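A.B. asks: Hey, dropping input38.csv in here, CSV, C-alpha atoms:
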chain,number,residue,atom,x,y,z
Y,279,LYS,CA,-21.6,2.2,38.8
Y,280,PHE,CA,-24.9,2.2,40.6
Y,281,SER,CA,-28.1,1.1,39.0
Y,282,SER,CA,-31.8,1.5,39.8
Y,283,ARG,CA,-31.6,-1.4,42.2
Y,284,SER,CA,-32.6,-1.1,45.9
Y,285,SER,CA,-30.1,0.1,48.4
Y,286,THR,CA,-29.8,-3.4,49.9
Y,287,GLU,CA,-28.5,-4.7,46.6
Y,288,ILE,CA,-25.6,-2.2,46.4
Y,289,VAL,CA,-24.0,-2.6,49.8
Y,290,ARG,CA,-20.3,-3.1,49.8
Y,291,ASN,CA,-18.3,-4.9,52.5
Y,292,LEU,CA,-15.6,-2.8,54.0
Y,293,PRO,CA,-12.4,-4.1,55.6
Y,294,THR,CA,-12.4,-3.6,59.4
Y,295,VAL,CA,-9.6,-3.2,61.9
Y,296,THR,CA,-9.4,-6.3,64.0
Y,297,SER,CA,-6.3,-5.8,66.1
Y,298,GLU,CA,-4.7,-3.0,68.0
Y,299,LYS,CA,-1.3,-4.1,66.5
Y,300,THR,CA,-2.4,-2.7,63.2
Y,301,MET,CA,-2.3,0.9,64.6
Y,302,PRO,CA,1.0,2.9,64.6
Y,303,PRO,CA,2.9,2.0,67.8
Y,304,GLN,CA,3.6,5.7,68.6
Y,305,GLN,CA,-0.1,6.5,68.9
Y,306,ASN,CA,-2.2,5.3,71.8
Y,307,TYR,CA,-5.5,4.5,70.0
Y,308,ARG,CA,-8.2,2.4,71.5
Y,309,LEU,CA,-10.5,0.3,69.3
Y,310,HIS,CA,-14.2,0.0,69.9
Y,311,ASP,CA,-16.9,-2.0,68.2
Y,312,THR,CA,-20.3,-0.5,67.5
Y,313,THR,CA,-23.4,-1.7,65.6
Y,314,ASN,CA,-22.6,0.4,62.6
Y,315,SER,CA,-18.8,0.6,62.5
Y,316,THR,CA,-15.4,-0.3,63.8
Y,317,TYR,CA,-13.5,2.8,64.7
Y,318,PHE,CA,-10.7,4.1,66.7
Y,319,SER,CA,-10.6,7.0,69.2
Y,320,ALA,CA,-7.7,9.3,70.1
Y,321,THR,CA,-7.3,10.8,73.6
Y,322,LYS,CA,-5.7,14.1,74.6
Y,323,ASN,CA,-2.4,12.3,75.5
Y,324,ASP,CA,-1.1,8.8,75.7
Y,325,THR,CA,-1.6,8.6,79.5
Y,326,GLN,CA,-5.3,9.4,79.5
Y,327,ASN,CA,-7.6,6.3,79.1
Y,328,ASP,CA,-10.9,7.7,80.3
Y,329,ASN,CA,-13.6,7.8,77.6
Y,330,ASN,CA,-14.7,11.3,78.8
Y,331,ASN,CA,-11.3,12.7,77.7
Y,332,LYS,CA,-11.6,11.6,74.1
Y,333,VAL,CA,-11.1,14.4,71.6
Y,334,ALA,CA,-12.2,12.7,68.4
Y,335,GLU,CA,-13.3,9.4,66.9
Y,336,ALA,CA,-12.6,8.4,63.3
Y,337,GLY,CA,-14.7,5.5,62.1
Y,338,ALA,CA,-15.7,3.3,59.2
Y,339,CYS,CA,-19.3,2.9,58.3
Y,340,ASP,CA,-21.2,1.3,55.4
Y,341,ILE,CA,-24.2,3.4,54.6
Y,342,ASN,CA,-26.1,2.9,51.3
Y,343,GLU,CA,-29.4,4.6,50.8
Y,344,VAL,CA,-31.6,5.8,48.0
Y,345,GLY,CA,-32.9,9.3,48.4
Y,346,LEU,CA,-31.6,12.2,50.6
Y,347,GLU,CA,-34.2,11.8,53.4
Y,348,ASN,CA,-33.5,8.1,53.8
Y,349,PHE,CA,-29.8,8.7,53.8
Y,350,ILE,CA,-29.9,11.5,56.4
Y,351,ARG,CA,-32.1,9.5,58.7
Y,352,LYS,CA,-29.8,6.6,58.5
Y,353,ILE,CA,-26.4,8.3,58.8
Y,354,VAL,CA,-27.2,10.3,62.0
Y,355,THR,CA,-27.7,7.0,63.7
Y,356,VAL,CA,-24.0,6.3,63.3
Y,357,LEU,CA,-23.3,8.9,65.9
Y,358,ASN,CA,-26.5,8.2,67.9
Y,359,LEU,CA,-28.1,11.5,66.9
Y,360,ASN,CA,-31.7,12.3,66.0
Y,361,LEU,CA,-33.6,14.8,63.9
Y,362,GLY,CA,-36.0,17.4,65.3
Y,363,ASP,CA,-38.3,19.6,63.2
Y,364,ASP,CA,-35.9,22.6,63.1
Y,365,VAL,CA,-32.4,22.9,61.7
Y,366,ILE,CA,-30.1,25.4,60.2
Y,367,PHE,CA,-29.3,23.8,56.9
Y,368,ASN,CA,-26.6,25.6,54.9
Y,369,LEU,CA,-26.7,24.4,51.3
Y,370,ASN,CA,-23.2,25.3,50.0
Y,371,ASP,CA,-23.8,29.0,51.0
Y,372,ARG,CA,-26.4,29.2,48.3
Y,373,GLY,CA,-29.4,28.8,50.7
Y,374,ILE,CA,-30.2,28.6,54.4
Y,375,ILE,CA,-33.2,26.3,55.2
Y,376,HIS,CA,-34.7,26.1,58.7
Y,377,LYS,CA,-37.0,23.1,58.6
Y,378,TRP,CA,-36.1,19.5,57.7
Y,379,LYS,CA,-39.4,19.1,55.8
Y,380,ASP,CA,-38.4,22.0,53.6
Y,381,VAL,CA,-34.9,20.6,53.1
Y,382,PHE,CA,-36.4,17.3,51.7
Y,383,LYS,CA,-39.0,19.2,49.7
Y,384,ILE,CA,-36.5,21.5,48.0
Y,385,GLU,CA,-34.1,18.6,47.2
Y,386,ARG,CA,-36.9,16.7,45.4
Y,387,ALA,CA,-37.9,19.8,43.5
Y,388,TYR,CA,-34.5,20.8,42.2
Y,389,SER,CA,-33.6,17.2,41.4
Y,390,ALA,CA,-36.6,17.1,39.1
Y,391,CYS,CA,-35.6,20.4,37.5
Y,392,LEU,CA,-32.1,19.1,36.8
Y,393,GLY,CA,-33.3,15.8,35.3
Y,394,ILE,CA,-32.2,13.7,38.2
Y,395,SER,CA,-34.6,10.8,38.8
Y,396,GLU,CA,-32.8,9.0,41.7
Y,397,ARG,CA,-30.0,9.7,44.0
Y,398,PHE,CA,-27.9,6.9,45.6
Y,399,TYR,CA,-25.9,7.9,48.6
Y,400,ARG,CA,-22.9,6.1,50.1
Y,401,CYS,CA,-20.7,6.9,53.1
Y,402,TYR,CA,-17.7,4.9,54.2
Y,403,GLY,CA,-16.4,6.9,57.2
Y,404,TYR,CA,-16.7,9.8,59.5
Y,405,VAL,CA,-14.8,11.9,62.0
Y,406,HIS,CA,-16.6,12.8,65.3
Y,407,LYS,CA,-15.3,15.8,67.2
Y,408,ILE,CA,-16.7,14.8,70.6
Y,409,GLN,CA,-15.9,17.8,72.7
Y,410,GLN,CA,-17.0,20.2,70.0
Y,411,HIS,CA,-20.2,18.3,69.4
Y,412,TYR,CA,-20.1,17.8,65.6
Y,413,GLY,CA,-19.2,15.1,63.1
Y,414,TYR,CA,-18.3,15.3,59.4
Y,415,PHE,CA,-18.7,12.9,56.6
Y,416,VAL,CA,-17.7,12.6,52.9
Y,417,LEU,CA,-20.5,11.3,50.8
Y,418,GLU,CA,-20.5,9.6,47.4
Y,419,GLU,CA,-23.5,10.6,45.5
Y,420,TYR,CA,-24.6,8.9,42.3
Y,421,ASN,CA,-27.1,10.8,40.3
Y,422,GLN,CA,-29.3,8.8,37.9
Y,423,ARG,CA,-30.9,10.9,35.2
Y,424,SER,CA,-34.5,11.0,34.1
Y,425,LEU,CA,-33.7,11.5,30.4
Y,426,SER,CA,-31.6,9.0,28.4
Y,427,PHE,CA,-29.4,11.7,26.7
Y,428,LEU,CA,-28.4,13.2,30.0
Y,429,PRO,CA,-25.3,11.5,31.5
Y,430,SER,CA,-25.5,10.0,35.0
Y,431,PHE,CA,-22.6,11.0,37.3
Y,432,THR,CA,-21.0,10.4,40.6
Y,433,TYR,CA,-20.2,13.3,42.9
Y,434,PHE,CA,-18.6,13.8,46.3
Y,435,VAL,CA,-20.0,16.0,49.1
Y,436,TYR,CA,-18.7,17.1,52.4
Y,437,VAL,CA,-21.3,17.3,55.2
Y,438,CYS,CA,-20.7,18.6,58.8
Y,439,CYS,CA,-23.4,17.9,61.4
Y,440,TYR,CA,-23.6,19.9,64.7
Y,441,TYR,CA,-25.7,18.7,67.5
Y,442,ASP,CA,-27.0,19.5,71.0
Y,443,SER,CA,-24.9,17.6,73.5
Y,444,LYS,CA,-27.8,17.0,75.9
Y,445,THR,CA,-30.6,16.0,73.5
Y,446,ARG,CA,-28.2,14.7,70.7
Y,447,THR,CA,-30.5,16.5,68.2
Y,448,VAL,CA,-28.9,17.8,65.0
Y,449,THR,CA,-29.1,21.6,65.2
Y,450,LYS,CA,-27.0,22.7,62.2
Y,451,VAL,CA,-25.8,21.1,58.9
Y,452,ASP,CA,-23.2,22.5,56.6
Y,453,VAL,CA,-23.1,21.0,53.1
Y,454,GLN,CA,-20.1,21.9,50.9
Y,455,TYR,CA,-19.3,20.9,47.3
Y,456,ASP,CA,-17.9,22.3,44.1
Y,457,GLN,CA,-20.9,24.2,42.6
Y,458,MET,CA,-19.3,24.8,39.2
Y,459,SER,CA,-18.2,21.2,38.8
Y,460,PHE,CA,-21.7,20.0,39.8
Y,461,PHE,CA,-23.5,21.9,37.1
Y,462,LEU,CA,-20.9,21.0,34.5
Y,463,HIS,CA,-21.8,17.3,35.4
Y,464,VAL,CA,-25.5,18.1,35.1
Y,465,LEU,CA,-25.0,19.6,31.6
Y,466,GLY,CA,-22.7,16.8,30.6
Y,467,LEU,CA,-19.7,19.2,30.0
Y,468,GLN,CA,-17.4,18.0,32.8
Y,469,HIS,CA,-15.2,15.9,30.5
Y,470,ALA,CA,-14.8,18.7,28.0
Y,471,TRP,CA,-14.0,21.2,30.7
Y,472,ARG,CA,-11.3,18.9,32.2
Y,473,TRP,CA,-9.7,18.5,28.7
Y,474,LEU,CA,-9.7,22.3,28.3
Y,475,ILE,CA,-8.1,22.8,31.8
Y,476,SER,CA,-5.5,20.0,31.2
Y,477,ASN,CA,-4.4,20.8,27.7
Y,478,ILE,CA,-4.8,24.6,27.3
Y,479,MET,CA,-5.4,26.5,30.5
Y,480,THR,CA,-2.8,24.8,32.7
Y,481,PRO,CA,0.1,25.0,30.2
Y,482,VAL,CA,-0.7,28.7,29.7
Y,483,ALA,CA,-0.9,29.3,33.4
Y,484,MET,CA,2.5,27.5,33.9
Y,485,LEU,CA,4.1,29.8,31.3
Y,486,TRP,CA,2.7,32.9,33.0
Y,487,MET,CA,3.9,31.7,36.4
Y,488,SER,CA,7.4,31.2,35.1
Y,489,ALA,CA,7.5,34.6,33.5
Y,490,PHE,CA,6.0,36.2,36.6
Y,491,ARG,CA,8.6,34.6,38.9
Y,492,ALA,CA,11.4,35.6,36.6
Y,493,THR,CA,10.6,39.3,37.2
Y,494,GLY,CA,11.5,38.8,40.9
Y,495,MET,CA,8.5,40.9,41.9
Y,496,VAL,CA,6.0,38.3,43.0
Y,497,ASN,CA,3.6,39.8,45.6
Y,498,PRO,CA,-0.1,40.6,46.0
Y,499,PHE,CA,0.3,44.1,44.6
Y,500,THR,CA,2.0,43.1,41.3
Y,501,PHE,CA,-0.5,40.2,41.0
Y,502,LEU,CA,-3.5,42.6,41.4
Y,503,ALA,CA,-1.9,45.0,38.9
Y,504,GLN,CA,-1.7,42.2,36.3
Y,505,ILE,CA,-5.4,41.4,36.8
Y,506,LEU,CA,-6.4,45.0,36.4
Y,507,PHE,CA,-4.2,45.4,33.3
Y,508,VAL,CA,-5.5,42.2,31.6
Y,509,THR,CA,-9.1,43.1,32.5
Y,510,GLY,CA,-8.7,46.7,31.2
Y,511,PHE,CA,-7.0,45.5,28.0
Y,512,ALA,CA,-9.8,42.9,27.3
Y,513,TYR,CA,-12.5,45.6,27.9
Y,514,TRP,CA,-10.7,48.1,25.6
Y,515,TYR,CA,-10.2,45.4,22.8
Y,516,LEU,CA,-13.8,44.3,22.9
Y,517,CYS,CA,-15.2,47.9,22.9
Y,518,SER,CA,-12.9,48.9,20.0
Y,519,ALA,CA,-13.6,45.8,17.9
Is it possible to express this structure as C-alpha coordinates?

C.D. replies:
Amino acid sequence: KFSSRSSTEIVRNLPTVTSEKTMPPQQNYRLHDTTNSTYFSATKNDTQNDNNNKVAEAGACDINEVGLENFIRKIVTVLNLNLGDDVIFNLNDRGIIHKWKDVFKIERAYSACLGISERFYRCYGYVHKIQQHYGYFVLEEYNQRSLSFLPSFTYFVYVCCYYDSKTRTVTKVDVQYDQMSFFLHVLGLQHAWRWLISNIMTPVAMLWMSAFRATGMVNPFTFLAQILFVTGFAYWYLCSA
(Lines of atoms letter the chains of each structure in order from A and count residues from 1; the text may use other names and numbers.)
(Lines give C-alpha, C1' and ligand atoms only; values in the text may rest on other atoms or scores of the structure.)
Protein backbone atom coordinates (compact mmCIF):
# COMPACT_ATOMS: atom_id res chain seq x y z
CA LYS A 1 0.00 0.00 0.00
CA PHE A 2 0.89 3.61 -0.32
CA SER A 3 1.98 5.67 2.62
CA SER A 4 2.34 9.39 3.23
CA ARG A 5 5.78 9.37 1.63
CA SER A 6 6.61 11.68 -1.25
CA SER A 7 5.90 10.49 -4.77
CA THR A 8 9.60 9.99 -5.49
CA GLU A 9 9.72 7.31 -2.80
CA ILE A 10 6.90 5.21 -4.27
CA VAL A 11 8.07 4.87 -7.86
CA ARG A 12 8.05 1.34 -9.22
CA ASN A 13 10.25 0.04 -12.01
CA LEU A 14 8.30 -1.36 -14.94
CA PRO A 15 9.58 -4.05 -17.34
CA THR A 16 10.24 -2.63 -20.79
CA VAL A 17 10.21 -4.22 -24.22
CA THR A 18 13.75 -4.39 -25.52
CA SER A 19 13.46 -6.42 -28.71
CA GLU A 20 11.09 -6.50 -31.63
CA LYS A 21 11.26 -10.31 -31.44
CA THR A 22 9.09 -10.17 -28.32
CA MET A 23 6.13 -8.96 -30.40
CA PRO A 24 3.79 -11.45 -32.16
CA PRO A 25 5.27 -12.30 -35.61
CA GLN A 26 1.97 -11.81 -37.39
CA GLN A 27 1.77 -8.14 -36.35
CA ASN A 28 4.02 -5.48 -37.83
CA TYR A 29 4.71 -3.34 -34.77
CA ARG A 30 7.53 -0.85 -34.52
CA LEU A 31 9.21 0.00 -31.24
CA HIS A 32 10.10 3.53 -30.22
CA ASP A 33 11.92 4.84 -27.17
CA THR A 34 10.77 8.09 -25.58
CA THR A 35 11.71 9.93 -22.43
CA ASN A 36 8.72 8.69 -20.48
CA SER A 37 8.02 5.25 -21.91
CA THR A 38 8.83 2.41 -24.24
CA TYR A 39 5.88 1.78 -26.51
CA PHE A 40 4.80 0.17 -29.73
CA SER A 41 2.80 1.67 -32.58
CA ALA A 42 0.51 -0.09 -35.00
CA THR A 43 0.03 1.02 -38.60
CA LYS A 44 -3.01 0.69 -40.85
CA ASN A 45 -1.53 -2.34 -42.53
CA ASP A 46 1.67 -4.31 -42.58
CA THR A 47 3.06 -2.57 -45.66
CA GLN A 48 2.87 0.98 -44.35
CA ASN A 49 5.90 2.17 -42.42
CA ASP A 50 5.38 5.92 -42.50
CA ASN A 51 4.86 7.42 -39.02
CA ASN A 52 2.14 9.67 -40.42
CA ASN A 53 0.01 6.58 -41.07
CA LYS A 54 0.05 5.34 -37.48
CA VAL A 55 -3.41 4.64 -36.13
CA ALA A 56 -2.57 4.15 -32.47
CA GLU A 57 0.21 3.88 -29.93
CA ALA A 58 0.06 1.77 -26.79
CA GLY A 59 2.70 2.55 -24.24
CA ALA A 60 4.04 1.94 -20.78
CA CYS A 61 4.72 4.83 -18.46
CA ASP A 62 5.63 5.11 -14.80
CA ILE A 63 3.83 8.10 -13.33
CA ASN A 64 3.61 8.53 -9.55
CA GLU A 65 2.31 11.80 -8.13
CA VAL A 66 0.64 13.13 -5.01
CA GLY A 67 -2.43 15.27 -5.68
CA LEU A 68 -4.66 15.53 -8.74
CA GLU A 69 -3.15 18.73 -10.14
CA ASN A 70 0.41 17.41 -9.97
CA PHE A 71 -0.68 14.17 -11.58
CA ILE A 72 -2.55 15.77 -14.48
CA ARG A 73 0.27 18.19 -15.25
CA LYS A 74 2.69 15.26 -15.33
CA ILE A 75 0.66 12.75 -17.27
CA VAL A 76 -0.16 15.02 -20.22
CA THR A 77 3.56 15.31 -20.91
CA VAL A 78 3.59 11.59 -21.82
CA LEU A 79 1.74 12.54 -25.02
CA ASN A 80 3.50 15.91 -25.34
CA LEU A 81 0.29 17.78 -24.51
CA ASN A 82 -0.24 20.96 -22.53
CA LEU A 83 -2.99 22.53 -20.43
CA GLY A 84 -4.69 25.83 -21.23
CA ASP A 85 -7.12 27.72 -19.01
CA ASP A 86 -10.30 26.25 -20.48
CA VAL A 87 -11.43 22.63 -20.70
CA ILE A 88 -14.62 20.59 -20.85
CA PHE A 89 -14.13 18.31 -17.85
CA ASN A 90 -16.79 15.63 -17.57
CA LEU A 91 -16.71 14.20 -14.05
CA ASN A 92 -18.42 10.82 -14.48
CA ASP A 93 -21.52 12.53 -15.95
CA ARG A 94 -22.15 14.09 -12.53
CA GLY A 95 -20.73 17.49 -13.36
CA ILE A 96 -19.27 19.46 -16.28
CA ILE A 97 -16.49 21.89 -15.38
CA HIS A 98 -15.10 24.46 -17.82
CA LYS A 99 -11.95 25.79 -16.12
CA TRP A 100 -8.91 23.85 -14.95
CA LYS A 101 -8.62 26.03 -11.85
CA ASP A 102 -12.20 25.07 -10.92
CA VAL A 103 -11.44 21.37 -11.51
CA PHE A 104 -8.60 21.44 -8.98
CA LYS A 105 -10.55 23.61 -6.53
CA ILE A 106 -13.57 21.28 -6.58
CA GLU A 107 -11.37 18.19 -6.18
CA ARG A 108 -9.73 19.63 -3.05
CA ALA A 109 -13.12 20.61 -1.60
CA TYR A 110 -14.89 17.28 -2.02
CA SER A 111 -11.81 15.36 -0.89
CA ALA A 112 -11.98 17.26 2.40
CA CYS A 113 -15.72 16.57 2.65
CA LEU A 114 -15.16 12.83 2.17
CA GLY A 115 -12.36 12.65 4.72
CA ILE A 116 -9.60 12.15 2.16
CA SER A 117 -6.39 13.81 3.26
CA GLU A 118 -4.12 12.80 0.38
CA ARG A 119 -4.45 11.18 -3.02
CA PHE A 120 -1.65 9.18 -4.61
CA TYR A 121 -1.94 8.58 -8.33
CA ARG A 122 -0.22 5.96 -10.46
CA CYS A 123 -0.41 5.25 -14.16
CA TYR A 124 1.38 2.40 -15.91
CA GLY A 125 0.21 2.72 -19.50
CA TYR A 126 -1.89 4.45 -22.10
CA VAL A 127 -3.40 4.16 -25.57
CA HIS A 128 -2.99 7.07 -27.96
CA LYS A 129 -5.45 7.28 -30.88
CA ILE A 130 -3.30 9.51 -33.09
CA GLN A 131 -5.66 10.21 -35.97
CA GLN A 132 -8.60 10.83 -33.61
CA HIS A 133 -6.54 13.11 -31.35
CA TYR A 134 -7.14 11.57 -27.97
CA GLY A 135 -5.50 9.27 -25.48
CA TYR A 136 -6.85 7.25 -22.60
CA PHE A 137 -5.32 6.07 -19.36
CA VAL A 138 -6.26 3.78 -16.48
CA LEU A 139 -5.25 5.30 -13.17
CA GLU A 140 -4.63 3.68 -9.81
CA GLU A 141 -5.75 6.06 -7.09
CA TYR A 142 -4.94 5.49 -3.43
CA ASN A 143 -7.02 7.58 -1.04
CA GLN A 144 -5.49 8.22 2.36
CA ARG A 145 -8.08 9.21 4.97
CA SER A 146 -7.95 12.12 7.36
CA LEU A 147 -9.63 10.23 10.23
CA SER A 148 -8.19 7.05 11.72
CA PHE A 149 -11.49 5.13 11.77
CA LEU A 150 -12.10 5.71 8.07
CA PRO A 151 -10.46 3.03 5.89
CA SER A 152 -8.01 4.07 3.19
CA PHE A 153 -8.65 2.46 -0.18
CA THR A 154 -7.34 2.00 -3.70
CA TYR A 155 -9.52 2.81 -6.68
CA PHE A 156 -9.25 2.62 -10.47
CA VAL A 157 -10.32 5.38 -12.84
CA TYR A 158 -10.58 5.58 -16.64
CA VAL A 159 -9.56 8.96 -18.11
CA CYS A 160 -9.84 9.98 -21.76
CA CYS A 161 -8.08 13.18 -22.92
CA TYR A 162 -8.96 14.93 -26.19
CA TYR A 163 -6.67 17.57 -27.63
CA ASP A 164 -6.28 20.11 -30.41
CA SER A 165 -3.99 18.61 -33.05
CA LYS A 166 -2.38 21.95 -33.90
CA THR A 167 -1.70 23.40 -30.46
CA ARG A 168 -1.67 20.02 -28.63
CA THR A 169 -3.72 21.65 -25.88
CA VAL A 170 -6.11 19.42 -23.93
CA THR A 171 -9.66 20.49 -24.83
CA LYS A 172 -11.83 17.85 -23.19
CA VAL A 173 -11.47 15.23 -20.47
CA ASP A 174 -13.87 12.38 -19.69
CA VAL A 175 -13.45 10.74 -16.27
CA GLN A 176 -15.35 7.48 -15.72
CA TYR A 177 -15.55 5.27 -12.63
CA ASP A 178 -18.03 3.20 -10.63
CA GLN A 179 -19.81 5.86 -8.56
CA MET A 180 -21.61 3.45 -6.24
CA SER A 181 -18.49 1.42 -5.50
CA PHE A 182 -16.54 4.61 -4.80
CA PHE A 183 -18.95 5.78 -2.11
CA LEU A 184 -19.14 2.31 -0.59
CA HIS A 185 -15.35 2.54 -0.24
CA VAL A 186 -15.68 6.01 1.28
CA LEU A 187 -18.15 4.72 3.87
CA GLY A 188 -16.10 1.59 4.55
CA LEU A 189 -18.90 -0.70 3.35
CA GLN A 190 -17.35 -2.13 0.21
CA HIS A 191 -16.28 -5.44 1.78
CA ALA A 192 -19.74 -5.97 3.33
CA TRP A 193 -21.37 -5.19 -0.01
CA ARG A 194 -19.15 -7.69 -1.83
CA TRP A 195 -20.05 -10.39 0.71
CA LEU A 196 -23.77 -9.67 0.19
CA ILE A 197 -23.39 -9.79 -3.60
CA SER A 198 -21.31 -12.99 -3.55
CA ASN A 199 -23.22 -15.02 -0.98
CA ILE A 200 -26.84 -13.90 -1.31
CA MET A 201 -27.72 -11.83 -4.35
CA THR A 202 -25.73 -13.78 -6.96
CA PRO A 203 -27.12 -17.23 -5.97
CA VAL A 204 -30.67 -15.83 -5.99
CA ALA A 205 -30.09 -14.25 -9.39
CA MET A 206 -28.74 -17.55 -10.75
CA LEU A 207 -31.87 -19.39 -9.57
CA TRP A 208 -34.09 -16.76 -11.15
CA MET A 209 -32.15 -16.99 -14.44
CA SER A 210 -32.51 -20.79 -14.53
CA ALA A 211 -36.26 -20.54 -13.94
CA PHE A 212 -36.64 -17.76 -16.50
CA ARG A 213 -34.78 -19.71 -19.18
CA ALA A 214 -36.84 -22.82 -18.42
CA THR A 215 -40.01 -20.95 -19.50
CA GLY A 216 -38.63 -20.64 -23.03
CA MET A 217 -39.86 -17.04 -23.18
CA VAL A 218 -36.70 -15.03 -22.60
CA ASN A 219 -37.12 -11.65 -24.31
CA PRO A 220 -37.24 -7.97 -23.38
CA PHE A 221 -41.05 -7.95 -23.02
CA THR A 222 -41.25 -10.82 -20.53
CA PHE A 223 -38.27 -9.37 -18.64
CA LEU A 224 -39.99 -5.98 -18.34
CA ALA A 225 -43.22 -7.69 -17.28
CA GLN A 226 -41.37 -9.42 -14.43
CA ILE A 227 -39.89 -6.14 -13.24
CA LEU A 228 -43.33 -4.48 -13.25
CA PHE A 229 -44.89 -7.45 -11.44
CA VAL A 230 -42.22 -7.58 -8.71
CA THR A 231 -42.32 -3.79 -8.25
CA GLY A 232 -46.12 -3.78 -8.06
CA PHE A 233 -46.19 -6.70 -5.63
CA ALA A 234 -43.58 -5.06 -3.38
CA TYR A 235 -45.53 -1.79 -3.40
CA TRP A 236 -48.81 -3.58 -2.57
CA TYR A 237 -47.18 -5.59 0.24
CA LEU A 238 -45.58 -2.53 1.83
CA CYS A 239 -48.78 -0.51 1.64
CA SER A 240 -50.92 -3.30 3.10
CA ALA A 241 -48.49 -4.18 5.91

A.B. asks: One decimal, in Å: what's the spacing between CA of Val365 (chain Y) and CA of Val448 (chain Y)?

C.D. replies: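 Between CA of Val365 (chain Y) and CA of Val448 (chain Y) the gap works out to 7.0 Å.
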
A.B. asks: Emit as lines of an AutoDock Vina configuration file the padded axis-aligned box for all listed atoms of region 454-462 of chain Y, 8 Å per side, with centre and edge lengths in Å to one decimal.

C.D. replies:
center_x = -20.7
center_y = 22.4
center_z = 42.7
size_x = 21.6
size_y = 20.8
size_z = 32.4

A.B. asks: Taking 6 positions as the minimum chain separation for residues in the same chain, which residues sit within 10 Å of region 388-390 of chain Y when counting all atoms listed in the file? Answer as an MDAnalysis selection string.

C.D. replies: chainID Y and resid 396:397 421 423:424

A.B. asks: Taking into account all atoms listed in the file, which residue in the set Y:Ile408, Y:Cys438, Y:Ala338, Y:Val464 is nearest to Ile394 (chain Y)?

C.D. replies: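 For Ile394 (chain Y), the nearest of the given residues is Y:Val464.
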
A.B. asks: Find the residues near Val453 (chain Y): any atom within 8 Å, counting all atoms listed in the file, skip ones fewer than 4 places away on the same chain, and give them as a PyMOL selection string.

C.D. replies: chain Y and resi 367-370+435-438

A.B. asks: Please report the interatomic distance between CA of Phe398 (chain Y) and CA of Glu335 (chain Y) in Å with one decimal.

C.D. replies: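 These atoms are spaced 25.9 Å apart.
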
A.B. asks: Which residue gives the smallest distance to Tyr399 (chain Y) among Y:Ile341, Y:Ile375, Y:Val451, Y:Ile475, with only C-alpha atoms counted?

C.D. replies: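 Under the stated criterion, the closest residue is Y:Ile341.
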
A.B. asks: List the neighbours of Met458 (chain Y) out to 12 Å using all atoms listed in the file; skip same-chain residues closer than 3 positions along the sequence, and give me the result as an MDAnalysis selection string.

C.D. replies: chainID Y and resid 370 455 461:465 467:468 471

A.B. asks: Kindly indicate which residue among Y:Ser459, Y:Ser488, Y:Gln409, Y:Thr445 lies nearest to Tyr433 (chain Y), using only C-alpha atoms for the distances.

C.D. replies: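 Of Y:Ser459, Y:Ser488, Y:Gln409, Y:Thr445, the one nearest Tyr433 (chain Y), counting only C-alpha atoms, is Y:Ser459.
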
A.B. asks: Counting all atoms listed in the file, figure out which residue out of Y:Glu343, Y:Asn358, Y:Ile350, Y:Asp363 gets nearest to Lys444 (chain Y).

C.D. replies: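 Closest to Lys444 (chain Y), using all atoms listed in the file: Y:Asn358.
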
A.B. asks: Quick one: pull the distance between CA of Thr493 (chain Y) and CA of Leu516 (chain Y), Å, one decimal.

C.D. replies: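 So the two atoms, CA of Thr493 (chain Y) and CA of Leu516 (chain Y), lie 28.7 Å apart.
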
A.B. asks: For Tyr402 (chain Y), which residue out of Y:Leu346, Y:Ile374, Y:Leu502, Y:Cys339 is the nearest one, using all atoms listed in the file?

C.D. replies: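 Selected residue with least distance to Tyr402 (chain Y): Y:Cys339.
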
A.B. asks: How would you write as a ChimeraX atom specification the residues that get within 10 Å of (-15.2, 10.1, 56.7) in the file's frame, counting only C-alpha atoms?

C.D. replies: /Y:336-339,401-406,413-417,436-437
